[in-house]
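**Q** Sharing upload-v4.tsv below, TSV, C-alpha atoms:
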chain	number	residue	atom	x	y	z
A	227	MET	CA	0.00	0.00	0.00
A	228	ASN	CA	2.74	2.48	0.90
A	229	ARG	CA	5.26	1.69	-1.82
A	230	PRO	CA	6.78	5.03	-2.77
A	231	ASN	CA	7.12	4.19	-6.42
A	232	ASP	CA	3.55	3.44	-6.95
A	233	GLU	CA	2.17	5.69	-9.63
A	234	LEU	CA	-1.20	6.01	-7.92
A	235	ASP	CA	0.47	7.18	-4.69
A	236	ASN	CA	2.44	9.82	-6.53
A	237	LEU	CA	-0.60	10.92	-8.46
A	238	LEU	CA	-2.62	11.31	-5.26
A	239	ARG	CA	0.21	13.14	-3.48
A	240	ASP	CA	0.66	15.59	-6.35
A	241	HIS	CA	-3.04	16.11	-6.77
A	242	LEU	CA	-3.72	16.74	-3.07
A	243	ALA	CA	-0.70	19.03	-2.77
A	244	GLY	CA	-1.86	21.01	-5.80
A	245	GLU	CA	-5.31	21.37	-4.32
A	246	LEU	CA	-4.55	22.06	-0.67
A	247	ASP	CA	-1.16	23.77	-0.66
A	248	PRO	CA	-2.65	27.09	-1.87
A	249	MET	CA	-5.01	26.99	1.10
A	250	ARG	CA	-2.18	26.78	3.61
A	251	GLY	CA	-1.60	29.95	5.56
A	252	GLN	CA	-5.17	31.21	5.18
A	253	ALA	CA	-6.15	30.17	8.69
A	254	ARG	CA	-3.08	31.81	10.19
A	255	ARG	CA	-3.73	35.04	8.27
A	256	ALA	CA	-7.39	35.02	9.29
A	257	PHE	CA	-6.44	34.43	12.92
A	258	GLU	CA	-3.91	37.25	12.85
A	259	ARG	CA	-6.44	39.57	11.20
A	260	GLU	CA	-9.40	38.67	13.42
A	261	VAL	CA	-7.74	38.01	16.75
A	262	VAL	CA	-4.10	39.09	16.95
A	263	ALA	CA	-4.49	42.54	15.39
A	264	PRO	CA	-7.46	43.58	17.60
A	265	MET	CA	-5.64	42.13	20.60
A	266	GLN	CA	-2.54	44.19	19.84
A	267	HIS	CA	-4.73	47.23	19.28
A	268	ARG	CA	-6.33	46.72	22.68
A	269	LEU	CA	-2.91	46.27	24.28
A	270	ARG	CA	-1.67	49.49	22.69
A	271	GLN	CA	-4.80	51.30	23.88
A	272	ARG	CA	-4.32	49.93	27.37
A	273	ALA	CA	-0.69	51.03	27.38
A	274	TRP	CA	-1.70	54.54	26.29
A	275	GLN	CA	-4.38	54.60	28.95
A	276	GLN	CA	-1.82	53.69	31.58
A	277	VAL	CA	0.53	56.39	30.32
A	278	ARG	CA	-2.28	58.94	30.46
A	279	MET	CA	-3.23	57.83	33.97
A	280	ARG	CA	0.36	58.10	35.13
A	281	ILE	CA	0.64	61.56	33.61
A	282	ALA	CA	-2.63	62.56	35.30
A	283	HIS	CA	-1.34	61.28	38.63
A	284	ALA	CA	2.07	62.86	38.21
A	285	ALA	CA	0.84	66.21	36.91
A	286	PRO	CA	0.01	67.78	40.31
A	287	LEU	CA	3.35	66.67	41.69
A	288	VAL	CA	5.21	68.02	38.65
A	289	MET	CA	3.31	71.29	38.83
A	290	SER	CA	4.07	71.60	42.54
A	291	MET	CA	7.73	70.97	41.86
A	292	ALA	CA	7.70	73.52	39.05
A	293	ALA	CA	6.03	76.06	41.27
A	294	CYS	CA	8.59	75.45	44.00
A	295	ALA	CA	11.40	75.79	41.49
A	296	ALA	CA	9.94	79.00	40.14
A	297	LEU	CA	9.57	80.44	43.61
A	298	GLY	CA	13.09	79.41	44.52
A	299	PHE	CA	14.42	81.09	41.38
A	300	TYR	CA	12.41	84.30	41.21
A	301	VAL	CA	11.86	85.26	44.84
A	302	PRO	CA	15.55	85.68	45.73
A	303	ARG	CA	16.07	87.64	42.51
A	304	PHE	CA	13.10	89.83	43.34
A	305	LEU	CA	14.30	90.46	46.86
A	306	SER	CA	17.78	91.43	45.67
A	307	SER	CA	16.61	93.26	42.56
A	308	PRO	CA	18.20	96.75	41.90
A	309	ALA	CA	14.88	97.81	40.39
A	310	THR	CA	13.52	98.29	43.90
A	311	PRO	CA	16.13	100.47	45.56
A	312	ASN	CA	16.32	100.72	49.28
A	313	LEU	CA	15.35	104.33	49.50
A	314	ALA	CA	16.37	104.62	53.10
A	315	VAL	CA	20.03	104.10	52.45
A	316	GLU	CA	20.68	104.50	48.73
A	317	THR	CA	22.21	107.77	47.69
A	318	MET	CA	22.16	109.53	44.36
A	319	PRO	CA	25.28	110.69	42.46
A	320	GLY	CA	24.98	114.14	44.01
A	321	GLY	CA	25.44	112.67	47.46
A	322	LYS	CA	21.91	113.44	48.65
A	323	PRO	CA	19.65	110.65	49.80
A	324	ALA	CA	17.21	109.48	47.10
A	325	ARG	CA	14.24	110.08	49.37
A	326	GLU	CA	15.25	113.76	49.58
A	327	GLN	CA	15.52	114.00	45.83
A	328	LEU	CA	12.09	112.42	45.42
A	329	ALA	CA	10.72	115.04	47.79
A	330	GLU	CA	11.82	117.90	45.55
A	331	ILE	CA	8.47	118.37	43.92
A	332	THR	CA	7.89	121.66	42.12
A	333	PRO	CA	4.42	123.06	42.84
A	334	ASN	CA	2.79	125.27	40.24
A	335	THR	CA	-0.42	127.26	40.62
A	336	VAL	CA	-2.07	129.17	37.74
A	337	THR	CA	-4.92	131.59	38.59
A	338	ARG	CA	-7.04	133.37	36.02
A	339	THR	CA	-9.67	135.96	36.90
A	340	GLU	CA	-12.46	137.19	34.67
A	341	GLU	CA	-14.54	140.33	35.14
A	342	HIS	CA	-18.21	139.54	34.71
A	343	GLY	CA	-19.51	143.13	35.07
A	344	LEU	CA	-21.96	144.77	37.53
A	345	THR	CA	-24.71	143.02	39.38
A	346	SER	CA	-27.22	144.09	42.02
A	347	LEU	CA	-26.65	143.12	45.61
A	348	PRO	CA	-29.44	141.95	47.95
A	349	ASP	CA	-29.62	145.44	49.51
A	350	GLY	CA	-30.19	147.02	46.08
A	351	SER	CA	-26.74	148.54	45.70
A	352	ALA	CA	-24.48	147.80	42.74
A	353	GLY	CA	-21.74	145.19	42.96
A	354	ARG	CA	-18.96	143.74	40.80
A	355	ARG	CA	-18.83	140.08	39.93
A	356	VAL	CA	-15.39	138.48	39.43
A	357	VAL	CA	-14.83	134.76	38.65
A	358	ALA	CA	-11.44	133.28	39.53
A	359	ASN	CA	-10.25	129.96	37.97
A	360	GLN	CA	-7.31	128.22	39.65
A	361	VAL	CA	-5.33	125.21	38.35
A	362	GLU	CA	-2.76	123.58	40.65
A	363	SER	CA	-0.13	121.16	39.48
A	364	ALA	CA	3.04	119.54	40.79
A	365	SER	CA	5.91	118.05	38.78
A	366	TRP	CA	8.95	115.94	39.56
A	367	VAL	CA	11.90	115.06	37.34
A	368	ASP	CA	13.99	111.97	38.08
A	369	PRO	CA	17.58	113.23	38.04
A	370	GLN	CA	18.86	109.80	37.00
A	371	THR	CA	16.59	109.05	34.07
A	372	ASN	CA	15.16	112.53	33.42
A	373	ALA	CA	11.71	110.95	33.62
A	374	ARG	CA	9.10	113.61	34.30
A	375	THR	CA	6.05	113.08	36.45
A	376	GLU	CA	3.34	115.71	36.66
A	377	PHE	CA	0.20	115.79	38.82
A	378	TYR	CA	-2.82	118.05	38.21
A	379	ILE	CA	-5.34	118.94	40.87
A	380	TYR	CA	-8.87	119.39	39.65
A	381	PRO	CA	-9.35	123.11	38.73
A	382	THR	CA	-11.40	125.22	41.09
A	383	GLU	CA	-13.67	128.12	40.26
A	384	GLN	CA	-14.57	130.85	42.67
A	385	GLU	CA	-17.02	133.71	42.15
A	386	VAL	CA	-16.57	136.88	44.18
A	387	VAL	CA	-19.18	139.70	44.29
A	388	SER	CA	-18.03	142.91	45.93
A	389	PRO	CA	-19.77	146.30	46.31
A	390	ALA	CA	-18.92	148.52	43.41
A	391	GLY	CA	-18.49	151.52	45.64
A	392	ARG	CA	-15.38	150.11	47.30
A	393	GLN	CA	-13.30	150.47	44.13
B	212	MET	CA	13.86	24.42	20.40
B	213	GLU	CA	10.43	23.43	19.17
B	214	ARG	CA	7.72	23.53	21.79
B	215	SER	CA	5.51	20.49	22.31
B	216	VAL	CA	1.81	20.49	21.48
B	217	GLU	CA	1.00	20.33	25.19
B	218	GLU	CA	3.10	23.42	25.89
B	219	LEU	CA	1.57	25.30	23.00
B	220	VAL	CA	-1.97	24.42	24.07
B	221	ALA	CA	-1.24	25.41	27.68
B	222	ALA	CA	0.14	28.75	26.51
B	223	ALA	CA	-2.74	29.32	24.09
B	224	LYS	CA	-5.19	28.70	26.91
B	225	LEU	CA	-3.58	31.70	28.61
B	226	HIS	CA	-4.40	33.74	25.48
B	227	ASP	CA	-0.93	33.45	24.01
B	228	ALA	CA	-1.77	34.21	20.39
B	229	GLU	CA	1.74	33.36	19.22
B	230	ALA	CA	1.42	29.85	20.66
B	231	PHE	CA	-1.91	29.39	18.94
B	232	THR	CA	-0.41	30.58	15.66
B	233	ALA	CA	2.19	27.84	16.06
B	234	LEU	CA	-0.62	25.34	16.63
B	235	ILE	CA	-2.30	26.51	13.44
B	236	ALA	CA	0.91	26.01	11.50
B	237	ARG	CA	1.28	22.52	12.93
B	238	PHE	CA	-2.30	21.32	12.49
B	239	GLU	CA	-3.47	23.24	9.45
B	240	GLY	CA	-2.64	20.40	7.07
B	241	ILE	CA	-4.62	17.89	9.13
B	242	ALA	CA	-7.59	20.23	9.37
B	243	LEU	CA	-7.44	20.93	5.62
B	244	SER	CA	-7.31	17.20	4.86
B	245	ILE	CA	-10.39	16.43	6.93
B	246	ALA	CA	-12.28	19.46	5.65
B	247	TYR	CA	-11.41	18.61	2.06
B	248	ALA	CA	-12.74	15.10	2.56
B	249	HIS	CA	-16.10	16.58	3.53
B	250	THR	CA	-16.40	19.62	1.28
B	251	ARG	CA	-14.68	18.12	-1.81
B	252	HIS	CA	-13.53	21.60	-2.78
B	253	ALA	CA	-10.24	23.04	-1.66
B	254	ALA	CA	-11.54	26.62	-1.39
B	255	ASP	CA	-14.44	25.53	0.80
B	256	ALA	CA	-12.04	23.47	2.88
B	257	GLY	CA	-9.87	26.56	3.35
B	258	ASP	CA	-12.85	28.60	4.55
B	259	LEU	CA	-13.95	25.83	6.87
B	260	VAL	CA	-10.49	25.52	8.41
B	261	GLN	CA	-10.37	29.26	9.06
B	262	GLU	CA	-13.68	29.07	10.87
B	263	CYS	CA	-12.56	25.98	12.73
B	264	PHE	CA	-9.41	27.57	14.13
B	265	MET	CA	-11.33	30.67	15.18
B	266	ARG	CA	-13.78	28.45	17.04
B	267	ALA	CA	-10.94	26.43	18.53
B	268	TRP	CA	-9.35	29.62	19.88
B	269	GLN	CA	-12.63	30.59	21.50
B	270	ARG	CA	-13.32	27.14	22.97
B	271	LEU	CA	-9.84	26.11	23.95
B	272	ASP	CA	-10.84	26.05	27.61
B	273	SER	CA	-13.10	23.06	26.91
B	274	LEU	CA	-10.07	20.95	25.93
B	275	ASP	CA	-9.15	18.94	29.01
B	276	ASP	CA	-6.20	16.96	27.68
B	277	PRO	CA	-3.75	19.16	25.71
B	278	SER	CA	-2.12	16.10	24.15
B	279	ARG	CA	-5.46	15.34	22.42
B	280	PHE	CA	-5.55	18.66	20.58
B	281	GLY	CA	-5.36	16.97	17.17
B	282	HIS	CA	-8.25	14.65	17.99
B	283	TRP	CA	-10.29	17.54	19.44
B	284	LEU	CA	-9.60	19.69	16.39
B	285	GLY	CA	-10.41	16.87	13.98
B	286	ARG	CA	-13.78	16.32	15.61
B	287	MET	CA	-14.46	20.03	15.45
B	288	VAL	CA	-13.64	20.11	11.73
B	289	ARG	CA	-15.98	17.18	11.09
B	290	ASN	CA	-18.82	18.83	13.04
B	291	LEU	CA	-18.32	22.09	11.21
B	292	ALA	CA	-18.24	20.25	7.90
B	293	ILE	CA	-21.57	18.59	8.71
B	294	ASP	CA	-23.06	22.00	9.49
B	295	TRP	CA	-21.52	23.34	6.29
B	296	ARG	CA	-23.17	20.62	4.22
B	297	ARG	CA	-26.51	21.41	5.82
B	298	ARG	CA	-26.10	25.06	4.94
B	299	LYS	CA	-24.99	24.28	1.40
B	300	ARG	CA	-27.43	25.27	-1.31
B	301	PRO	CA	-29.71	22.35	-2.22
B	302	GLY	CA	-29.10	22.90	-5.93
B	303	ALA	CA	-25.33	22.83	-5.66
B	304	LEU	CA	-23.57	20.36	-7.92
B	305	ASP	CA	-22.42	17.23	-6.13
B	306	PRO	CA	-19.30	15.73	-7.71
B	307	ASP	CA	-20.57	12.26	-6.76
B	308	ILE	CA	-23.24	12.47	-9.39
B	309	ASP	CA	-20.98	12.77	-12.40
B	310	VAL	CA	-18.54	9.88	-12.38
B	311	PRO	CA	-17.72	8.81	-15.89
B	312	GLY	CA	-16.18	5.46	-16.54
B	313	PRO	CA	-12.52	4.78	-17.35
B	314	ALA	CA	-13.29	4.57	-21.07
B	315	ALA	CA	-13.86	8.29	-21.20
B	316	VAL	CA	-10.32	8.99	-20.02
B	317	THR	CA	-7.53	8.94	-22.58
B	318	THR	CA	-3.77	9.22	-22.11
B	319	ALA	CA	-3.73	12.42	-24.18
B	320	MET	CA	-6.03	14.10	-21.75
B	321	GLU	CA	-5.03	17.57	-20.60
B	322	SER	CA	-3.79	17.91	-17.00
B	323	ARG	CA	-6.96	19.80	-16.23
B	324	GLU	CA	-9.08	16.94	-17.33
B	325	GLN	CA	-6.85	14.56	-15.36
B	326	LYS	CA	-7.34	16.68	-12.27
B	327	SER	CA	-11.05	16.57	-12.80
B	328	GLN	CA	-10.89	12.82	-13.12
B	329	ILE	CA	-9.00	12.45	-9.85
B	330	ASP	CA	-11.47	14.79	-8.16
B	331	ARG	CA	-14.32	12.63	-9.26
B	332	ALA	CA	-12.53	9.47	-8.17
B	333	LEU	CA	-11.87	10.89	-4.73
B	334	ALA	CA	-15.43	12.11	-4.52
B	335	SER	CA	-16.63	8.56	-5.00
B	336	LEU	CA	-15.10	7.60	-1.64
B	337	ASP	CA	-17.03	7.93	1.58
B	338	GLU	CA	-15.96	10.89	3.74
B	339	LEU	CA	-14.08	8.88	6.34
B	340	SER	CA	-12.12	6.92	3.72
B	341	LYS	CA	-11.37	10.10	1.84
B	342	ALA	CA	-10.12	11.67	5.06
B	343	CYS	CA	-7.86	8.65	5.59
B	344	VAL	CA	-6.50	8.96	2.04
B	345	THR	CA	-5.94	12.70	2.34
B	346	LEU	CA	-4.22	12.43	5.70
B	347	ARG	CA	-2.01	9.62	4.42
B	348	TYR	CA	-1.05	11.12	1.07
B	349	TYR	CA	-1.11	14.82	1.87
B	350	GLU	CA	0.10	14.84	5.48
B	351	GLY	CA	2.06	11.58	5.36
B	352	MET	CA	0.58	10.40	8.63
B	353	SER	CA	0.81	6.86	9.93
B	354	SER	CA	-2.29	4.71	10.41
B	355	LYS	CA	-2.11	5.22	14.17
B	356	GLU	CA	-1.86	8.99	13.84
B	357	ILE	CA	-4.78	9.02	11.42
B	358	GLY	CA	-6.76	6.85	13.81
B	359	ASP	CA	-6.07	9.24	16.70
B	360	VAL	CA	-7.45	12.15	14.71
B	361	LEU	CA	-10.44	10.34	13.23
B	362	ASP	CA	-11.43	8.24	16.25
B	363	LEU	CA	-10.51	4.98	14.50
B	364	SER	CA	-8.19	2.12	15.32
B	365	ALA	CA	-5.05	1.74	13.24
B	366	ALA	CA	-6.44	-1.50	11.79
B	367	ALA	CA	-9.64	0.23	10.75
B	368	VAL	CA	-7.60	2.94	9.05
B	369	ASP	CA	-5.54	0.36	7.18
B	370	MET	CA	-8.69	-1.40	6.04
B	371	ARG	CA	-10.26	1.81	4.80
B	372	LEU	CA	-7.06	2.83	3.03
B	373	SER	CA	-6.81	-0.53	1.32
B	374	ARG	CA	-10.39	-0.40	0.09
B	375	ALA	CA	-10.06	3.21	-0.97
B	376	ARG	CA	-6.92	2.51	-2.88
B	377	ASN	CA	-8.53	-0.34	-4.77
B	378	GLN	CA	-11.51	1.83	-5.57
B	379	LEU	CA	-9.31	4.67	-6.80
B	380	ARG	CA	-7.24	2.28	-8.88
B	381	ASP	CA	-10.40	1.16	-10.61
B	382	ARG	CA	-11.64	4.67	-11.15
B	383	LEU	CA	-8.34	5.93	-12.45
B	384	ALA	CA	-7.41	2.98	-14.58
B	385	GLY	CA	-7.08	5.21	-17.61
B	386	VAL	CA	-4.90	7.73	-15.85
B	387	VAL	CA	-2.40	5.51	-14.03
B	388	ASN	CA	-0.67	2.34	-15.09
B	389	VAL	CA	-1.95	-0.38	-12.85
B	390	ASN	CA	1.13	-2.47	-12.23
B	391	ASP	CA	0.24	-4.54	-9.22
Can you give me the file's structure in the form of structure tokens?
**A**
Amino acid sequence: MNRPNDELDNLLRDHLAGELDPMRGQARRAFEREVVAPMQHRLRQRAWQQVRMRIAHAAPLVMSMAACAALGFYVPRFLSSPATPNLAVETMPGGKPAREQLAEITPNTVTRTEEHGLTSLPDGSAGRRVVANQVESASWVDPQTNARTEFYIYPTEQEVVSPAGRQ
Amino acid sequence: MERSVEELVAAAKLHDAEAFTALIARFEGIALSIAYAHTRHAADAGDLVQECFMRAWQRLDSLDDPSRFGHWLGRMVRNLAIDWRRRKRPGALDPDIDVPGPAAVTTAMESREQKSQIDRALASLDELSKACVTLRYYEGMSSKEIGDVLDLSAAAVDMRLSRARNQLRDRLAGVVNVND
């Protein structure tokens, strides 16, 4: 039955190989497509989920560390910054304390009077009406940078009525 | 070092897809042989084997003895093939019907015609005998190995092979030189 030289045996072997050999590998490919690939996809998703969870857990710690680092870096710089001079002790090139220089504010007052003519007083006599407008300002110039600062006080208006006979 | 079937089955039960892929590579030929014996068409056998291995992956937990994987798989292929035949269209052509005699076969016949003749000769065998023939000639399995897969004794396999061979010799008298 199993003689290798038998023509029928060879014919059957060749025929079956020709029929079934092309089918080999289909099951493996189907298994990889239907099972392995989705499984790997799920594994990758799970890995990403774990990474995201770890990031979410680590984020507050990282932010706290960053905040601490920022405070440790900026606060000492801020405390020792030359931009905020110690006015109590720092002196200007002229030798005068800076606070004294800052106090040298120049006041300026501008007054303008207008004659508004005669008017009658409550007792029936004639009187003169004068309106006075006054604008006050103060300015300061930084001797180091020549920066100019000017303050204006809201203008005031005053009306004065005086008996005309007194002139 | 090649892993044993028992090791591969144990690993596959733990959802080791690589181990199951190795099992497919090792048992695909057996599954194809059995499926081909039932479907009589290689393409249908290929589809059936795909379905069978998918089902085997899903039901691997029901296999108690890993060393019996081949037997378990063979039974699954046979059950699926029976279902497949039930689902098959009633009007589908059955190769059993058209079996011309040896006189119709000439030595000048084209290889395609020869293939068709062998198909018809194989189709004339019963499914179990055809499975024995396919496992012997395609997979090169011994009678005992074939018996393990098909739930037969080695003697029963030998008897079926002997009868099948005689039947095929008669059917293919015009194709092969009968010299014994």
**Q** Considering only C-alpha atoms, tabulate each residue of chain B that lies at most 6 Å from chain A along with its nearest interatomic pair and the corresponding distance in Å to one decimal; arrange the rows by chain and ascending residue number and present them as CSV.
**A**
residue,atom,partner,partner_atom,distance
B:Ala253,CA,A:Glu245,CA,5.8
B:Gly257,CA,A:Met249,CA,5.4
B:Gln261,CA,A:Ala253,CA,4.3
B:Tyr348,CA,A:Arg239,CA,5.1
B:Tyr349,CA,A:Arg239,CA,5.8
**Q** Hey, can you check how far atom CA of B:Ala228 sits from atom CA of B:Trp268?
**A**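 Between atom CA of B:Ala228 and atom CA of B:Trp268 the gap is 8.9 Å.
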**Q** For a test of reading the model, state the distance in Å between atom CA of A:Ser365 and atom CA of A:Thr382, rounded to one decimal.
**A**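 Computing it gives 18.9 Å between the two atoms.
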**Q** Counting all atoms listed in the file, what is within 12 Å of B:Arg214, bar same-chain residues fewer than 4 positions away, as a VMD selection string?
**A** chain B and resid 218 to 222 229 to 231 233 to 234 237
**Q** Within 7 Å of (-11.0, 126.5, 39.8) (file coordinates; all atoms listed in the file), which protein or nucleic acid residues are there? I'd like them as a VMD selection string.
**A** chain A and resid 358 to 361 381 to 384
**Q** Output C-alpha atoms for every residue in that selection, as a PDB file, in the coordinates of the input.
**A**
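Okay, this is what ended up in result32.pdb:
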ATOM      1  CA  ALA A 358     -11.440 133.280  39.530  1.00  0.00           C
ATOM      2  CA  ASN A 359     -10.250 129.960  37.970  1.00  0.00           C
ATOM      3  CA  GLN A 360      -7.310 128.220  39.650  1.00  0.00           C
ATOM      4  CA  VAL A 361      -5.330 125.210  38.350  1.00  0.00           C
ATOM      5  CA  PRO A 381      -9.350 123.110  38.730  1.00  0.00           C
ATOM      6  CA  THR A 382     -11.400 125.220  41.090  1.00  0.00           C
ATOM      7  CA  GLU A 383     -13.670 128.120  40.260  1.00  0.00           C
ATOM      8  CA  GLN A 384     -14.570 130.850  42.670  1.00  0.00           C
TER       9      GLN A 384
END
**Q** Which residue gives the smallest distance to B:Asp381 among B:Val288, B:Ala246, B:Ala254, B:Ala332, with all atoms listed in the file counted?
**A**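 Ranking B:Val288, B:Ala246, B:Ala254, B:Ala332 by distance to B:Asp381, first place goes to B:Ala332.
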**Q** For atom CA of A:Gly353 and atom CA of A:Thr339, determine how far apart the two atoms are, in Å to one decimal place.
**A**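 Rounded to one decimal, the two atoms are 16.4 Å apart.
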**Q** Which polymer residues, whether protein, DNA or RNA, lie within 8 Å of the coordinate (-2.9, 17.2, 26.9) when you count all atoms listed in the file? List them as number ranges by chain, using the chain letters and numbers from the file.
**A** B: 216-217, 220, 275-280
**Q** Between B:Leu333, B:Leu361, B:Ala375, B:Met352, which has the minimum distance to B:Gly240 (counting only C-alpha atoms)?
**A**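 With only C-alpha atoms as the atom set, the closest residue is B:Met352.
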**Q** So, counting only C-alpha atoms, which residue among B:Ala242, B:Leu379, B:Asp337, B:Ser215 is closest to B:Gly281?
**A**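 Of B:Ala242, B:Leu379, B:Asp337, B:Ser215, the one nearest B:Gly281 is B:Ala242, counting only C-alpha atoms.
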**Q** Under the rule that only C-alpha atoms are counted, which of B:Leu336, B:Arg286, B:Arg296, B:Val368 is the nearest residue to B:Ile245?
**A**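 Of the candidates, the smallest distance to B:Ile245 is held by B:Arg286.
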**Q** Skip B:Arg251 itself and residues of its chain fewer than 3 positions away, then list as a PDB file with C-alpha atoms, in the frame of the given file all residues within 7 Å of it, counting only C-alpha atoms.
**A**
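Output saved as result-v9.pdb:
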ATOM      1  CA  TYR B 247     -11.410  18.610   2.060  1.00  0.00           C
ATOM      2  CA  ALA B 248     -12.740  15.100   2.560  1.00  0.00           C
ATOM      3  CA  ALA B 334     -15.430  12.110  -4.520  1.00  0.00           C
TER       4      ALA B 334
END
**Q** Pick out the closest residue to A:Trp366 from this set: A:Leu287, A:Ile331, A:Met279, A:Leu297. Count only C-alpha atoms.
**A**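 That would be A:Ile331, the residue with the smallest distance to A:Trp366.
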**Q** Quick one: axis-aligned box around all listed atoms of stretch 334-344 of chain B, 8 Å on every side, centre and edge lengths in Å to one decimal, written as lines of an AutoDock Vina configuration file.
**A**
center_x = -11.8
center_y = 9.5
center_z = 0.7
size_x = 26.5
size_y = 21.2
size_z = 27.3
**Q** Dump N, CA and C atoms of stretch 256-271 of chain B from the given block, as a tab-separated table (two decimals), in the first residue's frame.
**A**
chain	number	residue	atom	x	y	z
B	256	ALA	N	-12.81	24.04	1.77
B	256	ALA	CA	-12.04	23.47	2.88
B	256	ALA	C	-11.23	24.56	3.57
B	257	GLY	N	-10.64	25.46	2.77
B	257	GLY	CA	-9.87	26.56	3.35
B	257	GLY	C	-10.74	27.44	4.24
B	258	ASP	N	-11.94	27.77	3.75
B	258	ASP	CA	-12.85	28.60	4.55
B	258	ASP	C	-13.25	27.90	5.84
B	259	LEU	N	-13.51	26.61	5.71
B	259	LEU	CA	-13.95	25.83	6.87
B	259	LEU	C	-12.84	25.76	7.93
B	260	VAL	N	-11.61	25.61	7.47
B	260	VAL	CA	-10.49	25.52	8.41
B	260	VAL	C	-10.28	26.86	9.12
B	261	GLN	N	-10.46	27.94	8.40
B	261	GLN	CA	-10.37	29.26	9.06
B	261	GLN	C	-11.38	29.36	10.20
B	262	GLU	N	-12.61	29.00	9.87
B	262	GLU	CA	-13.68	29.07	10.87
B	262	GLU	C	-13.39	28.13	12.03
B	263	CYS	N	-12.85	26.97	11.69
B	263	CYS	CA	-12.56	25.98	12.73
B	263	CYS	C	-11.51	26.49	13.72
B	264	PHE	N	-10.45	27.09	13.21
B	264	PHE	CA	-9.41	27.57	14.13
B	264	PHE	C	-9.91	28.76	14.96
B	265	MET	N	-10.77	29.57	14.38
B	265	MET	CA	-11.33	30.67	15.18
B	265	MET	C	-12.17	30.11	16.33
B	266	ARG	N	-12.96	29.07	16.00
B	266	ARG	CA	-13.78	28.45	17.04
B	266	ARG	C	-12.90	27.75	18.07
B	267	ALA	N	-11.84	27.11	17.60
B	267	ALA	CA	-10.94	26.43	18.53
B	267	ALA	C	-10.31	27.41	19.51
B	268	TRP	N	-9.94	28.58	19.01
B	268	TRP	CA	-9.35	29.62	19.88
B	268	TRP	C	-10.34	30.05	20.96
B	269	GLN	N	-11.62	30.14	20.55
B	269	GLN	CA	-12.63	30.59	21.50
B	269	GLN	C	-12.99	29.50	22.51
B	270	ARG	N	-12.86	28.24	22.10
B	270	ARG	CA	-13.32	27.14	22.97
B	270	ARG	C	-12.17	26.31	23.53
B	271	LEU	N	-11.01	26.88	23.52
B	271	LEU	CA	-9.84	26.11	23.95
B	271	LEU	C	-9.94	25.67	25.41
